[in-house]
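Structure data (mmCIF, C-alpha atoms and all ligand atoms) from run33.cif:
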```cif
data_target
#
loop_
_atom_site.label_atom_id
_atom_site.label_comp_id
_atom_site.auth_asym_id
_atom_site.auth_seq_id
_atom_site.Cartn_x
_atom_site.Cartn_y
_atom_site.Cartn_z
CA MET A 79 -20.87 -19.87 12.52
CA SER A 80 -19.07 -21.10 9.46
CA TYR A 81 -18.75 -19.44 6.08
CA ASP A 82 -19.13 -20.81 2.58
CA VAL A 83 -15.57 -19.91 1.69
CA THR A 84 -12.52 -21.75 0.38
CA THR A 85 -9.01 -20.55 1.09
CA GLN A 86 -5.97 -21.69 -0.78
CA ARG A 87 -2.32 -20.97 -0.08
CA CYS A 88 -0.75 -20.33 -3.47
CA GLY A 89 2.70 -21.46 -4.52
CA LEU A 90 5.46 -19.11 -5.50
CA ALA A 91 5.07 -16.76 -8.43
CA ALA A 92 7.66 -14.73 -10.30
CA LEU A 93 7.51 -11.24 -8.82
CA PHE A 94 9.48 -8.13 -9.66
CA ASP A 95 9.24 -4.76 -7.96
CA LEU A 96 9.51 -1.84 -10.38
CA LYS A 97 10.14 1.75 -9.35
CA GLY A 98 10.71 4.84 -11.42
CA SER A 99 9.06 6.71 -14.22
CA ARG A 100 6.62 4.77 -16.33
CA GLU A 101 8.23 5.91 -19.56
CA THR A 102 11.70 4.74 -18.56
CA ILE A 103 10.43 1.37 -17.33
CA GLN A 104 8.33 0.96 -20.47
CA ASN A 105 11.26 1.76 -22.72
CA TRP A 106 13.52 -0.61 -20.82
CA ALA A 107 11.11 -3.53 -20.52
CA GLY A 108 9.56 -3.29 -23.98
CA ASP A 109 6.73 -5.69 -24.66
CA VAL A 110 7.53 -8.10 -21.84
CA LEU A 111 5.14 -6.14 -19.61
CA PRO A 112 1.39 -5.80 -20.12
CA PRO A 113 0.08 -2.32 -20.97
CA PHE A 114 0.52 -0.12 -17.90
CA PRO A 115 -2.70 0.13 -15.87
CA ASP A 116 -4.16 3.62 -15.99
CA GLY A 117 -5.56 4.25 -12.55
CA PRO A 118 -3.93 4.11 -9.13
CA ASN A 119 -4.31 0.74 -7.42
CA THR A 120 -5.40 -1.11 -10.56
CA ARG A 121 -3.86 -3.93 -12.54
CA SER A 122 -3.52 -5.09 -16.12
CA GLU A 123 -2.76 -8.47 -17.64
CA LYS A 124 -1.28 -9.93 -20.81
CA ASN A 125 -0.25 -13.54 -21.47
CA GLU A 126 -0.47 -14.57 -17.81
CA THR A 127 1.71 -11.63 -16.77
CA GLU A 128 0.08 -9.07 -14.52
CA LEU A 129 1.12 -5.55 -13.65
CA PHE A 130 -0.04 -4.00 -10.36
CA HIS A 131 0.09 -0.21 -10.00
CA ILE A 132 0.51 -0.03 -6.26
CA GLY A 133 2.00 3.41 -5.66
CA ARG A 134 3.23 6.56 -7.32
CA ASP A 135 5.92 5.39 -9.79
CA HIS A 136 5.68 1.93 -8.24
CA TRP A 137 4.53 -1.37 -9.77
CA ILE A 138 4.74 -5.09 -9.13
CA VAL A 139 4.83 -7.52 -12.03
CA ARG A 140 3.69 -11.10 -11.48
CA SER A 141 4.05 -14.13 -13.74
CA PRO A 142 3.87 -17.88 -13.27
CA LEU A 143 7.07 -19.12 -11.63
CA SER A 144 7.98 -21.01 -14.79
CA GLN A 145 8.47 -17.64 -16.51
CA GLU A 146 10.78 -16.20 -13.87
CA ASP A 147 14.02 -16.79 -15.79
CA THR A 148 12.58 -15.35 -18.99
CA LEU A 149 11.23 -12.33 -17.18
CA GLU A 150 14.51 -11.79 -15.36
CA SER A 151 16.52 -11.92 -18.56
CA ARG A 152 14.14 -9.51 -20.28
CA LEU A 153 13.96 -7.06 -17.35
CA ASN A 154 17.69 -7.44 -16.75
CA PRO A 155 17.69 -5.77 -13.30
CA ALA A 156 21.47 -5.64 -12.99
CA ASP A 157 21.88 -3.40 -16.02
CA CYS A 158 18.74 -1.29 -15.86
CA PRO A 159 19.02 2.51 -16.13
CA PRO A 160 20.11 4.15 -12.87
CA ASP A 161 16.92 6.18 -12.48
CA ILE A 162 14.71 3.10 -12.21
CA SER A 163 14.84 0.14 -9.87
CA ILE A 164 13.98 -3.46 -10.72
CA VAL A 165 14.21 -6.05 -7.96
CA ARG A 166 13.22 -9.69 -7.98
CA ILE A 167 10.95 -10.28 -4.97
CA SER A 168 9.50 -13.68 -5.87
CA ASP A 169 10.24 -15.26 -2.51
CA THR A 170 9.15 -12.33 -0.33
CA LEU A 171 5.37 -12.66 -0.59
CA THR A 172 2.93 -15.48 0.14
CA PHE A 173 -0.42 -15.30 -1.66
CA PHE A 174 -3.73 -16.69 -0.44
CA ARG A 175 -6.81 -17.05 -2.58
CA VAL A 176 -10.19 -16.58 -0.90
CA THR A 177 -13.23 -17.71 -2.89
CA GLY A 178 -16.83 -18.72 -2.27
CA ARG A 179 -20.26 -17.24 -1.60
CA ASP A 180 -19.32 -15.59 1.71
CA THR A 181 -15.96 -14.24 0.56
CA LEU A 182 -16.87 -10.64 1.34
CA ASP A 183 -17.81 -11.55 4.91
CA VAL A 184 -14.48 -13.22 5.53
CA MET A 185 -12.58 -10.40 3.84
CA ALA A 186 -14.41 -7.98 6.13
CA VAL A 187 -12.96 -9.86 9.10
CA ALA A 188 -9.47 -9.61 7.63
CA CYS A 189 -9.40 -6.17 6.09
CA PRO A 190 -10.64 -2.67 7.00
CA LEU A 191 -11.04 -1.62 3.37
CA ASP A 192 -14.44 -1.32 1.70
CA LEU A 193 -14.19 -4.17 -0.82
CA HIS A 194 -17.63 -3.88 -2.42
CA ASP A 195 -17.66 -3.90 -6.25
CA SER A 196 -18.62 -0.26 -6.48
CA VAL A 197 -15.53 0.82 -4.54
CA PHE A 198 -13.03 -1.98 -5.13
CA GLY A 199 -13.61 -2.83 -8.78
CA PRO A 200 -12.77 -5.91 -10.83
CA ASP A 201 -9.21 -4.77 -11.59
CA ALA A 202 -8.44 -3.41 -8.12
CA VAL A 203 -5.21 -4.11 -6.27
CA THR A 204 -3.79 -2.23 -3.31
CA HIS A 205 -1.65 -2.38 -0.27
CA THR A 206 -3.76 -2.30 2.86
CA GLU A 207 -4.08 -4.33 6.04
CA ALA A 208 -5.05 -7.96 6.46
CA PHE A 209 -5.33 -9.29 10.00
CA GLY A 210 -3.32 -6.29 11.15
CA LEU A 211 -0.42 -6.82 8.75
CA LYS A 212 0.58 -4.86 5.69
CA ALA A 213 -0.86 -6.86 2.82
CA LEU A 214 -1.49 -6.70 -0.89
CA VAL A 215 -5.17 -7.30 -1.65
CA LEU A 216 -6.41 -8.11 -5.17
CA ARG A 217 -9.88 -8.69 -6.53
CA TYR A 218 -10.60 -11.45 -9.02
CA ALA A 219 -13.80 -12.48 -10.71
CA ASP A 220 -14.32 -15.30 -8.24
CA GLY A 221 -12.92 -13.75 -5.09
CA PHE A 222 -9.85 -12.09 -3.64
CA GLU A 223 -6.18 -12.69 -3.12
CA ILE A 224 -4.24 -11.59 -0.05
CA ALA A 225 -0.45 -11.44 -0.10
CA VAL A 226 1.66 -10.97 3.02
CA GLU A 227 5.37 -10.97 3.73
CA GLN A 228 6.28 -14.63 3.44
CA SER A 229 7.42 -15.09 7.04
CA PHE A 230 3.82 -14.42 8.12
CA GLY A 231 2.45 -17.08 5.77
CA ASP A 232 1.83 -19.76 8.38
CA MET A 233 0.20 -17.28 10.73
CA ILE A 234 -2.15 -15.89 8.09
CA GLU A 235 -3.04 -19.41 6.97
CA ASP A 236 -4.03 -20.12 10.57
CA TYR A 237 -6.00 -16.86 10.85
CA LEU A 238 -7.91 -17.65 7.65
CA ILE A 239 -8.80 -21.14 8.85
CA ARG A 240 -10.06 -19.66 12.13
CA ALA A 241 -11.96 -16.89 10.35
CA ILE A 242 -13.92 -19.28 8.13
CA SER A 243 -14.64 -22.00 10.68
CA MET B 312 -11.56 6.21 13.45
CA LEU B 313 -10.19 8.77 11.02
CA LEU B 314 -10.50 8.46 7.27
CA ILE B 315 -7.29 10.05 6.04
CA PRO B 316 -7.11 11.32 2.44
CA CYS B 317 -4.08 9.83 0.69
CA PRO B 318 -3.22 11.70 -2.51
CA TYR B 319 -2.62 8.39 -4.30
CA CYS B 320 -5.17 6.00 -2.76
CA GLY B 321 -8.00 8.28 -1.67
CA LYS B 322 -9.58 8.10 1.76
CA ARG B 323 -8.20 5.26 3.84
CA ASN B 324 -8.63 3.95 7.33
CA GLU B 325 -6.41 5.52 9.98
CA CYS B 326 -4.90 2.13 10.87
CA GLU B 327 -3.05 2.05 7.53
CA PHE B 328 -1.11 5.20 8.45
CA ILE B 329 1.69 6.08 10.81
CA TYR B 330 1.59 9.49 12.42
CA GLY B 331 4.63 11.45 11.25
CA GLY B 332 4.48 14.26 13.79
CA PRO B 333 3.34 17.85 13.51
CA VAL B 334 4.47 20.02 10.67
CA GLY B 335 7.31 21.63 12.53
CA ALA B 336 7.48 25.01 14.05
CA LYS B 337 9.92 27.26 12.28
CA ARG B 338 13.44 26.26 13.28
CA PRO B 339 14.92 29.07 15.32
CA ASP B 340 18.54 30.07 14.98
CA PRO B 341 20.14 28.04 17.79
CA ASN B 342 22.58 30.86 18.47
CA ALA B 343 19.82 33.40 18.86
CA VAL B 344 17.67 31.57 21.42
CA ASN B 345 18.36 30.49 24.98
CA ASP B 346 18.47 26.83 26.08
CA ALA B 347 14.88 26.79 27.27
CA GLU B 348 13.60 28.10 23.95
CA TRP B 349 15.74 25.61 22.04
CA VAL B 350 14.48 22.68 24.15
CA GLU B 351 10.95 23.94 23.66
CA TYR B 352 11.45 23.90 19.88
CA LEU B 353 12.96 20.39 19.96
CA THR B 354 10.52 18.70 22.33
CA VAL B 355 7.22 20.51 22.62
CA THR B 356 4.76 19.74 19.86
CA PRO B 357 1.92 22.09 19.00
CA ASN B 358 -1.27 21.01 20.73
CA PRO B 359 -3.85 23.62 19.88
CA GLN B 360 -7.53 23.33 20.56
CA GLY B 361 -8.41 23.61 16.89
CA PRO B 362 -6.69 23.06 13.55
CA VAL B 363 -3.23 21.50 13.64
CA GLN B 364 -1.05 20.65 10.66
CA GLU B 365 0.28 17.07 10.72
CA LYS B 366 2.40 14.70 8.65
CA TRP B 367 1.17 11.16 8.06
CA TRP B 368 2.80 8.23 6.27
CA HIS B 369 0.69 5.75 4.32
CA ALA B 370 2.99 3.00 5.52
CA ARG B 371 0.57 0.11 5.09
CA GLY B 372 -0.62 1.47 1.78
CA CYS B 373 1.19 3.10 -1.10
CA GLY B 374 4.01 4.59 0.98
CA GLU B 375 3.10 8.20 0.31
CA TRP B 376 3.79 10.99 2.84
CA LEU B 377 1.10 13.60 3.18
CA VAL B 378 0.21 16.69 5.19
CA ILE B 379 -3.23 17.37 6.57
CA TRP B 380 -4.89 19.91 8.76
CA ARG B 381 -6.91 18.25 11.52
CA ASP B 382 -9.20 19.95 13.98
CA THR B 383 -8.37 18.53 17.40
CA ARG B 384 -11.87 19.34 18.69
CA THR B 385 -13.83 17.46 16.03
CA HIS B 386 -11.25 15.27 14.22
CA ASP B 387 -12.46 16.86 11.00
CA ILE B 388 -9.78 16.72 8.32
CA MET B 389 -9.42 19.64 5.95
CA GLU B 390 -7.45 18.58 2.91
CA ALA B 391 -5.74 21.83 2.14
CA PRO B 392 -4.14 24.18 4.62
CA ASP B 393 -6.30 27.05 3.37
CA ASP B 394 -9.43 25.14 4.33
CA ALA B 395 -8.43 25.17 7.95
CA THR B 396 -8.76 28.87 8.44
ZN ZN C 1 -1.79 5.78 -0.31
#
```

Take the structure in the file and give it back as structure tokens.
Amino acid sequence: MSYDVTTQRCGLAALFDLKGSRETIQNWAGDVLPPFPDGPNTRSEKNETELFHIGRDHWIVRSPLSQEDTLESRLNPADCPPDISIVRISDTLTFFRVTGRDTLDVMAVACPLDLHDSVFGPDAVTHTEAFGLKALVLRYADGFEIAVEQSFGDMIEDYLIRAIS
Amino acid sequence: MLLIPCPYCGKRNECEFIYGGPVGAKRPDPNAVNDAEWVEYLTVTPNPQGPVQEKWWHARGCGEWLVIWRDTRTHDIMEAPDDAT
């Protein structure tokens, strides 16, 4: 059986891991970040920069790679207040985009989470499992993204090809 | 398969969690117990037929640690310790 699904291995993005109180991070980062997402495991977006709320006092910010230097100079991790943590993690994650009519079927092979709209809404993002690995899973209007630790990139690419063929 | 209630993420599949051991027995004063009792405290985990209090780590999720009461006969999870009585 084959699925009507397209998978794409995405290039690098600018990624920063943010930990600490929302107020302190907000004060430090100013308007370089989108508005903080309200709910747990949701995301917000402004000017191509996205903010993922992936744990208590824990966020990931993602921008196009071309904005990495700007973001780094604005977030200024080396000088940030001692009670927050800002770490550039751009080269630690590999993202895959899964789109097409049968996307949910393929995601169900990969991931134990209930990804139906009613449970995993349009702005949902969370750490969970994909093919047995810790993975970040995001919903988009036309499908999903899966991010895994970059050293597993080739393996997950292979798994996705096998899952859809 | 257990659905474990994470305080941050809500109910999640058991495979996202790592078992963190039982919520410990009260630590005895090592000078007031004999060797056998001390070894028992260090190595023997509670294994009741009924509610047991356990720590779990949402390692493949948000990273939160949590404590649940689980009934070993039914696998029912009671969210708060008071519910287990
Ligand atoms: Zn969680």

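Between chain A and the residues B:Thr354, B:Trp368, B:Met312, B:Glu375, the shortest atom-to-atom distance, using only C-alpha atoms, involves B:Glu375.
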
### Task
Considering only C-alpha atoms, extract the chain B residues located within 12 Å of chain A and return them as an MDAnalysis selection string.
chainID B and resid 312 314 317:328 369:376

### Task
Might you pull out every residue within 10 Å of Thr356 in chain B, with all atoms listed in the file counted and same-chain residues fewer than 4 positions away left off, and present them as a PyMOL selection string?
chain B and resi 332-336+351-352

### Selected residue of minimal separation from ligand ZN 1 (chain C) among B:Ile315, B:Val355, B:Val350, B:Val344, counting all atoms listed in the file
B:Ile315

### Query
Can you list, as a ChimeraX atom specification, every protein, DNA or RNA residue that comes within 10 Å of Thr385 in chain B when you count all atoms listed in the file, leaving out same-chain residues fewer than 4 positions away?
/B:360-362,381

### Distance criterion (only C-alpha atoms and all ligand atoms): nearest to ligand ZN 1 (chain C) out of B:Ala343, B:Ile379, B:Trp367, B:Gly331
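Looking at the shortest contact to ligand ZN 1 (chain C), the residue is B:Trp367.
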
### Task
Find the distance between CA of Val203 in chain A and CA of Arg152 in chain A and write it in Å to one decimal.
24.5 Å

### Query
Using only C-alpha atoms and all ligand atoms, which of the listed residues (B:Leu353, B:Asp382, B:Gln364, B:Leu377) sits closest to ligand ZN 1 (chain C)?
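Using only C-alpha atoms and all ligand atoms, the shortest distance to ligand ZN 1 (chain C) belongs to B:Leu377.
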
### Task
Tell me, in Å to one decimal, how far CA of Asp161 in chain A is from CA of Val226 in chain A.
27.7 Å

### Task
Using all atoms listed in the file, pick whichever of A:Gly108, A:Pro113, A:Gly199, A:Pro155 has the shortest atom-to-atom distance to Phe94 in chain A.
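That would be A:Pro155, the residue with the smallest distance to Phe94 in chain A.
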
### Query
Between CA of Leu143 in chain A and CA of Ser168 in chain A, what is the spacing in Å?
8.3 Å

Only C-alpha atoms, as a PDB file, in the first residue's frame: that is what I want for range 88-105 of chain A.
```pdb
ATOM      1  CA  CYS A  88      14.122  20.739   5.588  1.00  0.00           C
ATOM      2  CA  GLY A  89      17.348  22.697   5.685  1.00  0.00           C
ATOM      3  CA  LEU A  90      18.727  24.301   8.783  1.00  0.00           C
ATOM      4  CA  ALA A  91      16.788  26.953  10.641  1.00  0.00           C
ATOM      5  CA  ALA A  92      17.897  29.378  13.316  1.00  0.00           C
ATOM      6  CA  LEU A  93      16.883  27.817  16.628  1.00  0.00           C
ATOM      7  CA  PHE A  94      17.322  29.059  20.165  1.00  0.00           C
ATOM      8  CA  ASP A  95      16.328  27.258  23.338  1.00  0.00           C
ATOM      9  CA  LEU A  96      14.901  29.585  25.987  1.00  0.00           C
ATOM     10  CA  LYS A  97      14.431  28.651  29.627  1.00  0.00           C
ATOM     11  CA  GLY A  98      13.301  30.715  32.574  1.00  0.00           C
ATOM     12  CA  SER A  99      10.430  32.928  33.537  1.00  0.00           C
ATOM     13  CA  ARG A 100       8.399  34.364  30.713  1.00  0.00           C
ATOM     14  CA  GLU A 101       8.611  37.872  32.124  1.00  0.00           C
ATOM     15  CA  THR A 102      12.398  37.856  32.330  1.00  0.00           C
ATOM     16  CA  ILE A 103      12.787  36.436  28.826  1.00  0.00           C
ATOM     17  CA  GLN A 104      10.246  38.920  27.478  1.00  0.00           C
ATOM     18  CA  ASN A 105      12.014  41.844  29.109  1.00  0.00           C
TER      19      ASN A 105
END
```
